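Novice: Got a structure for you, written out below as C-alpha cells; questions coming shortly.
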Amino acid sequence: MDEVDLQDFSDMFLEECRENVDVLERGLLSMGEGDADDDLLNEVFRAAHSIKGGGATFGFLKISELTHWMETLLDEMRSHNRAVRDEDVELLLVALDMVRELMDLGAEADHPDRLGLQKKLADAVGEEIVVTDTPEAAVPAGAKTWNITFRPQPDLMSRGNDPLLLLRETAKLGEMHTTLDLNALPEWEDLDPKACHMSWTAELHADVEKETIAEIFEWIEFDCDLVIEAGQSDKDTAAPPAGNSATPDSAPVAETKKAPKKAAANTETASIRVATDKIDQLINLVGELVITQSMLDRIGSAETAPDIEELRQRLSELDRNTRELQESVMQVRMLPMSSGFGRLPRLVRDLSRKLEKQVELVIEGGSTEIDKTVLERLMDPLVHLVRNSLDHGLEPPDERLAAGKSETGQLTLSAYQQGGAVIVEIIDDGRGINRDRVLSLAVERGVVSEDASLSDDEICALIFAPGFSTADEVSDVSGRGVGMDVVRRNIQDLGGRVDIKSPAGKGTTVSIRLPLTLAILEGQLVRAADQVFVIPLLSIVETIEIDQCQPSEIPGAGNVCRFRERYLPLVDLAARLGLKKTTKSALVAICDIHGHLIGLEIDEVLGQQQVVIKALEDNFYAIPGVAGATIMSDGSVALILDPPALAPSSSISAAA
C-alpha cells in the first residue's frame with residue numbers, strides 16, 4: 001500500500017486550525033476577571049488541544065509546541081487550580097496571534113519570539129523550559145544528513161519499554177549531530193499514555209550509511225514503525241530542519257532560533273464549508289432537471305405534432321427548476337455575516353484599551369448571509385469604520401459622564417437583508433459629527449467653496465473626501481486623512497453604496513448597502529441608439545426627462561445638465577461608445593460615482609432585471625466603459641456598463 005503523504009492534508013489542517021483559532025479567540029474575549037464558567041473553559045481548552053494535536057500530526061511542530069503551553073495554562077484554569085486573570089488572558093491572546101503568524105509562515109518556518117513566549121507561558125504555570133541552541137557550525141564537513149522518523153506501537157508502555165531510548169541511542173553513532181536536544185527529552189514515565197500514537201522526528205548529520213543507523217535501532221529490539229530518509233546535505237538548498245517532533249505532551253523545545261520566512265499560505269482560504277442540506281437540495285434539483293429534460297426529449301422525438309399545452313407545461317417546469325437551481329447554487333457561496341463580525345471583537349477590545357475608552361460591542365444579524373467574495377472584500381472597509389467609530393465617535397468616560405451619558409459607549413454592528421441587498425450598519429452613541437467643524441475644514445482645504453449651500457447629509461458626506469480628517473493630532477489610529485475615501489471607493493467597487501447620518505451629540509450611523517452576490521447583478525435595462533445596455537441599479541440615483549435638466553455646453557467643461565440646483569457633467573452614452581444616433585436622447589440617468597454625480601443620456605428605460613455577469617475578456621477583449629456582458633431572454637447580448645469609466649475624468653478630479 002502506498003505511503004500516505006500527510007502534506008496533502010496540510011491545507012485541510014490549516015482551515016480547521018483557523019476555525020479553532022476563532023473559537024479560542026471568542027472564548028478568551030468572553031473571559032472577564034475571574035469570570036468564566038466551566039463550559040467556556042472546556043471549549044477553549046478543546047480548541048487549543050485540537051490545534052496542538054493537528055499541528056504535530058501534519059508537521060506544524062512550532063504551532064504544536066506553542067499551543068502545548070497555552071493548553072497547559074488553560075488546563076490550570078479549567079481545573080480551578082488557577083483563577084482567570086486579565087494578564088493570563090492577554091498572554092494567551094498574544095500567543096494566539098503568534099499561532100496565526102506561524103500558520104502563514106508555513107510548516108517549516110519559525111518565529112524569532114516563539115521560545116521567549118513559550119517561556120512566559122511556562123513561567124505562568126510555574127514550570128521551567130530549558131532551551132538549547134544547536135550551532136550549525138557543529139555539523140561536520142562532508143557529513144550525510146538523515147531524517148529519522150519513528151512511531152511507537154500503542155502497547156509499548158504496557159510492556160515497560162522506553163521509545164525515547166531510540167533518540168538517545170542515535171548519539172552513539174560517532175560524530176553525530178542532531179537538531180534534538182537529547183538531554184531535554186522527557187522521561188517515558190512522564191508521558192501521557194494517550195500520546196503513544198504520535199511520532200518523533202530527528203535530523204541527524206553523520207558520516208554513516210543508512211544500514212548503520214538501521215542496525216542501531218534493530219539492536220534496541222522493540223517494535224516501532226521506522227522511516228530513515230536521506231535529507232539535504234547542502235545547507236544552501238536544504239529545507240529547514242524538522243526540529244523537535246516529539247509528542248505535544250512532551251513538548252521539547254530545544255531549537256535554534258530562526259527568523260520568520262515568507263508566508264507559505266495565503267490567509268484567504270480558497271475553500272468553503274457547505275451544509276449538507278444545501279448539497280441535498282442541489283442533488284434533488286438536478287434530479288428534477290433530468291426528469292424534465294427526458295420529458296422534453298420525448299416530446300421533441302415524437303413523430304406526431306407535439307402537444308402544445310404539454311410543451312408549455314414542461315417548459316414552465318424547466319424554468320422553475322432552473323430558477324431554483326440558480327438560487328441554490330448561489331446559496332452554496334453564502335456565508336453568515338457572523339464569520340466576518342467575529343474578527344472584530346478583538347479589534348474593539350485592544351483599541352478601546354489603547355484609547356482608554358470603555359466600549360460595549362453589540363452584534364446583531366450575524367445569521368444574515370452574503371456571498372463569500374463580497375464578505376472578504378468588505379472586511380477592510382469594515383475594520384476602518386470600526387476604528388473610526390472608536391477613535392472619532394465614542395468619547396472618553398469623563399466626557400460621556402459630563403454629557404449625561406453612561407461612561408461605557410456602545411458600538412453596534414448590524415446586518416439585515418432588504419430586497420436583493422444586504423444592509424450593514426455601524427452605529428455608535430458617541431459625539432456625532434460636528435457639522436460646523438467639518439464644513440469649515442472643508443472650506444479651509446478647498447474641498448468646497450465658501451458660498452456652497454449644503455444639506456446636513458451632504459456636509460456629513462464630506463468626510464469621504466480624499467485627504468480629509470477631523471483629528472487634531474496624527475496618531476497610529478487616525479489623523480492622516482486616509483481611509484474614508486478608500487472605504488467608499490472599495491464599497492462602490494463592490495456595487496454597493498455607503499451613507500452616513502450623524503445628529504450632533506447623538507452618535508453616528510454608517511449604512512452600507514451591498515449586493516448579495518457579485519455573480520448576479522440588479523440592473524436597469526436601457527436603450528441607446530437601438531442597443532440595449534444594463535446600468536447597475538445601485539449606481540442610479542434618478543432618471544429624468546432630458547428637458548427637465550436643461551442640457552447645455554460650457555466652454556472648457558463640456559456638456560452639463562442641471563440637477564437639484566447643481567450642474568453635473570453630461571455624457572452622451574451612444575456617442576461615448578461610438579454608436580450612431582438617429583434620434584435625440586429623451587432621458588438622463590443620474591448616476592452616483594464615488595460620491596460624485598454624472599448624467600448619462602439614454603433613449604428609453606426598458607425595466608429592471610437580474611442579470612448574470614459574464615466577463616468580456618474571456619471571449620473578446622476589454623472595452624472602456626463596459627464592465628461585462630449578459631445574455632438576454634431572446635438570446636441577444638447586452639453590455640453591462642461601468643459608470644465610473646464613462647465619466648469624464650476631469651469632472652471627477654475637479655469635484656474631488
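By convention in this document, the chains of the C-alpha cells carry letters A, B, ... by their order, each chain's residues are numbered from 1, and ligands are numbered from 1 in the order they are shown.
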Pick out the residues sitting within 12 Å of Thr373 of chain A, and hand them over as a ChimeraX atom specification; count only C-alpha atoms, and ignore anything fewer than 3 positions along from it in its own chain.
Specialist: /A:268-272,330,333-335,340,369-370,376-379,494,514-519
Novice: Which residues, written as a PyMOL selection string, have at least one atom at most 8 Å from segment 639-641 of chain A, with only C-alpha atoms counted and residues fewer than 2 positions away on the same chain left out?
Specialist: chain A and resi 532-536+613+625-630+637+643
Novice: Please write the residues from the selection above to a file, keeping N, CA and C atoms, as a PDB file, in the first residue's frame.
Specialist:
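Printed below is result16.pdb as written:
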```pdb
ATOM      1  N   VAL A 532     -29.290  47.705 -26.434  1.00  0.00           N
ATOM      2  CA  VAL A 532     -29.728  47.551 -25.047  1.00  0.00           C
ATOM      3  C   VAL A 532     -28.502  47.455 -24.142  1.00  0.00           C
ATOM      4  N   PHE A 533     -28.524  48.220 -23.062  1.00  0.00           N
ATOM      5  CA  PHE A 533     -27.441  48.222 -22.086  1.00  0.00           C
ATOM      6  C   PHE A 533     -28.024  47.982 -20.688  1.00  0.00           C
ATOM      7  N   VAL A 534     -27.151  47.576 -19.781  1.00  0.00           N
ATOM      8  CA  VAL A 534     -27.543  47.370 -18.386  1.00  0.00           C
ATOM      9  C   VAL A 534     -26.723  48.321 -17.526  1.00  0.00           C
ATOM     10  N   ILE A 535     -27.406  49.140 -16.734  1.00  0.00           N
ATOM     11  CA  ILE A 535     -26.746  50.022 -15.771  1.00  0.00           C
ATOM     12  C   ILE A 535     -26.980  49.440 -14.377  1.00  0.00           C
ATOM     13  N   PRO A 536     -25.929  49.220 -13.575  1.00  0.00           N
ATOM     14  CA  PRO A 536     -26.130  48.717 -12.208  1.00  0.00           C
ATOM     15  C   PRO A 536     -27.124  49.582 -11.450  1.00  0.00           C
ATOM     16  N   ILE A 613     -23.610  38.081 -14.771  1.00  0.00           N
ATOM     17  CA  ILE A 613     -22.466  38.796 -15.325  1.00  0.00           C
ATOM     18  C   ILE A 613     -21.504  37.819 -15.994  1.00  0.00           C
ATOM     19  N   GLY A 625     -15.439  51.507 -20.407  1.00  0.00           N
ATOM     20  CA  GLY A 625     -16.801  51.873 -20.065  1.00  0.00           C
ATOM     21  C   GLY A 625     -17.751  50.701 -19.941  1.00  0.00           C
ATOM     22  N   VAL A 626     -17.258  49.477 -20.216  1.00  0.00           N
ATOM     23  CA  VAL A 626     -18.099  48.282 -20.145  1.00  0.00           C
ATOM     24  C   VAL A 626     -17.512  47.322 -19.113  1.00  0.00           C
ATOM     25  N   ALA A 627     -18.326  46.919 -18.137  1.00  0.00           N
ATOM     26  CA  ALA A 627     -17.859  46.038 -17.066  1.00  0.00           C
ATOM     27  C   ALA A 627     -18.013  44.569 -17.411  1.00  0.00           C
ATOM     28  N   GLY A 628     -18.886  44.229 -18.352  1.00  0.00           N
ATOM     29  CA  GLY A 628     -19.128  42.838 -18.706  1.00  0.00           C
ATOM     30  C   GLY A 628     -20.309  42.748 -19.653  1.00  0.00           C
ATOM     31  N   ALA A 629     -20.835  41.556 -19.774  1.00  0.00           N
ATOM     32  CA  ALA A 629     -21.974  41.345 -20.660  1.00  0.00           C
ATOM     33  C   ALA A 629     -22.917  40.329 -20.039  1.00  0.00           C
ATOM     34  N   THR A 630     -24.122  40.266 -20.597  1.00  0.00           N
ATOM     35  CA  THR A 630     -25.092  39.278 -20.144  1.00  0.00           C
ATOM     36  C   THR A 630     -25.928  38.842 -21.342  1.00  0.00           C
ATOM     37  N   VAL A 637     -27.142  39.679 -26.745  1.00  0.00           N
ATOM     38  CA  VAL A 637     -26.145  40.064 -25.742  1.00  0.00           C
ATOM     39  C   VAL A 637     -26.331  41.535 -25.393  1.00  0.00           C
ATOM     40  N   PRO A 643     -20.267  52.793 -14.985  1.00  0.00           N
ATOM     41  CA  PRO A 643     -20.413  54.255 -14.949  1.00  0.00           C
ATOM     42  C   PRO A 643     -19.145  55.022 -14.602  1.00  0.00           C
TER      43      PRO A 643
END
```
Novice: Name all residues at most 10 Å from Ser30 of chain A (count only C-alpha atoms; drop same-chain ones fewer than 4 positions away) and give them as a list of chain:residue names.
Specialist: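 Everything that qualifies: A:Leu24, A:Glu25, A:Arg26, A:Asp35, A:Ala36, A:Leu40, A:Val89, A:Pro345.
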Novice: Using only C-alpha atoms, determine which residues lie at most 12 Å from Leu117 of chain A, disregarding the query and same-chain residues fewer than 4 positions distant; provide the list as a PyMOL selection string.
Specialist: chain A and resi 62+65-67+69-70+91-99+111-113+121-124+129+253
Novice: Tell me which protein, DNA and RNA residues are within 9 Å of Val438 of chain A, counting only C-alpha atoms, leaving out same-chain ones fewer than 4 positions away, and put them as a ChimeraX atom specification.
Specialist: /A:433-434,442-443,459-460,462-463,469-470
Novice: Please, could you write that set of residues out with N, CA and C atoms as a PDB file, in the first residue's frame?
Specialist:
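Result file follows (again_34.pdb):
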```pdb
ATOM      1  N   ILE A 433     -21.081  63.884  14.454  1.00  0.00           N
ATOM      2  CA  ILE A 433     -20.233  64.721  13.592  1.00  0.00           C
ATOM      3  C   ILE A 433     -20.556  66.190  13.827  1.00  0.00           C
ATOM      4  N   ASN A 434     -19.525  66.953  14.099  1.00  0.00           N
ATOM      5  CA  ASN A 434     -19.672  68.398  14.272  1.00  0.00           C
ATOM      6  C   ASN A 434     -19.712  69.034  12.876  1.00  0.00           C
ATOM      7  N   ALA A 442     -13.533  71.788   5.450  1.00  0.00           N
ATOM      8  CA  ALA A 442     -13.692  71.539   4.018  1.00  0.00           C
ATOM      9  C   ALA A 442     -13.439  72.809   3.216  1.00  0.00           C
ATOM     10  N   VAL A 443     -13.918  73.945   3.727  1.00  0.00           N
ATOM     11  CA  VAL A 443     -13.679  75.223   3.051  1.00  0.00           C
ATOM     12  C   VAL A 443     -12.198  75.586   3.113  1.00  0.00           C
ATOM     13  N   ILE A 459     -23.025  67.614   4.128  1.00  0.00           N
ATOM     14  CA  ILE A 459     -21.893  68.004   4.982  1.00  0.00           C
ATOM     15  C   ILE A 459     -21.260  66.768   5.611  1.00  0.00           C
ATOM     16  N   CYS A 460     -22.097  65.859   6.088  1.00  0.00           N
ATOM     17  CA  CYS A 460     -21.566  64.621   6.669  1.00  0.00           C
ATOM     18  C   CYS A 460     -20.765  63.830   5.636  1.00  0.00           C
ATOM     19  N   LEU A 462     -18.872  64.894   3.466  1.00  0.00           N
ATOM     20  CA  LEU A 462     -17.571  65.492   3.175  1.00  0.00           C
ATOM     21  C   LEU A 462     -16.426  64.715   3.807  1.00  0.00           C
ATOM     22  N   ILE A 463     -16.702  63.930   4.846  1.00  0.00           N
ATOM     23  CA  ILE A 463     -15.616  63.175   5.482  1.00  0.00           C
ATOM     24  C   ILE A 463     -15.070  62.092   4.552  1.00  0.00           C
ATOM     25  N   SER A 469      -9.635  64.856   7.231  1.00  0.00           N
ATOM     26  CA  SER A 469      -9.638  64.300   8.584  1.00  0.00           C
ATOM     27  C   SER A 469      -9.966  65.398   9.571  1.00  0.00           C
ATOM     28  N   THR A 470     -10.718  65.033  10.612  1.00  0.00           N
ATOM     29  CA  THR A 470     -11.065  65.997  11.664  1.00  0.00           C
ATOM     30  C   THR A 470     -10.203  65.806  12.900  1.00  0.00           C
TER      31      THR A 470
END
```
Novice: Quote the spacing between atom CA of Leu441 of chain A and atom CA of Glu458 of chain A in Å to one decimal place.
Specialist: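 It comes out at 14.2 Å.
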Novice: Distance atom CA of Leu401 of chain A-atom CA of Met31 of chain A, one decimal place?
Specialist: 26.7 Å
Novice: Mind checking which residues fall within 6 Å of Thr543 of chain A, counting only C-alpha atoms, ignoring those fewer than 2 positions away in the same chain, and posting them as a short mmCIF file (atom, residue, chain, number, x, y, z; two decimals) with N, CA and C atoms, in the first residue's frame?
Specialist:
```cif
data_model
loop_
_atom_site.label_atom_id
_atom_site.label_comp_id
_atom_site.auth_asym_id
_atom_site.auth_seq_id
_atom_site.Cartn_x
_atom_site.Cartn_y
_atom_site.Cartn_z
N VAL A 588 -32.29 61.21 -19.11
CA VAL A 588 -30.96 61.28 -18.49
C VAL A 588 -30.99 60.44 -17.21
N ALA A 589 -30.08 59.47 -17.13
CA ALA A 589 -29.93 58.67 -15.91
C ALA A 589 -28.85 59.29 -15.05
N ILE A 590 -29.24 59.77 -13.86
CA ILE A 590 -28.29 60.38 -12.94
C ILE A 590 -27.61 59.25 -12.15
#
```
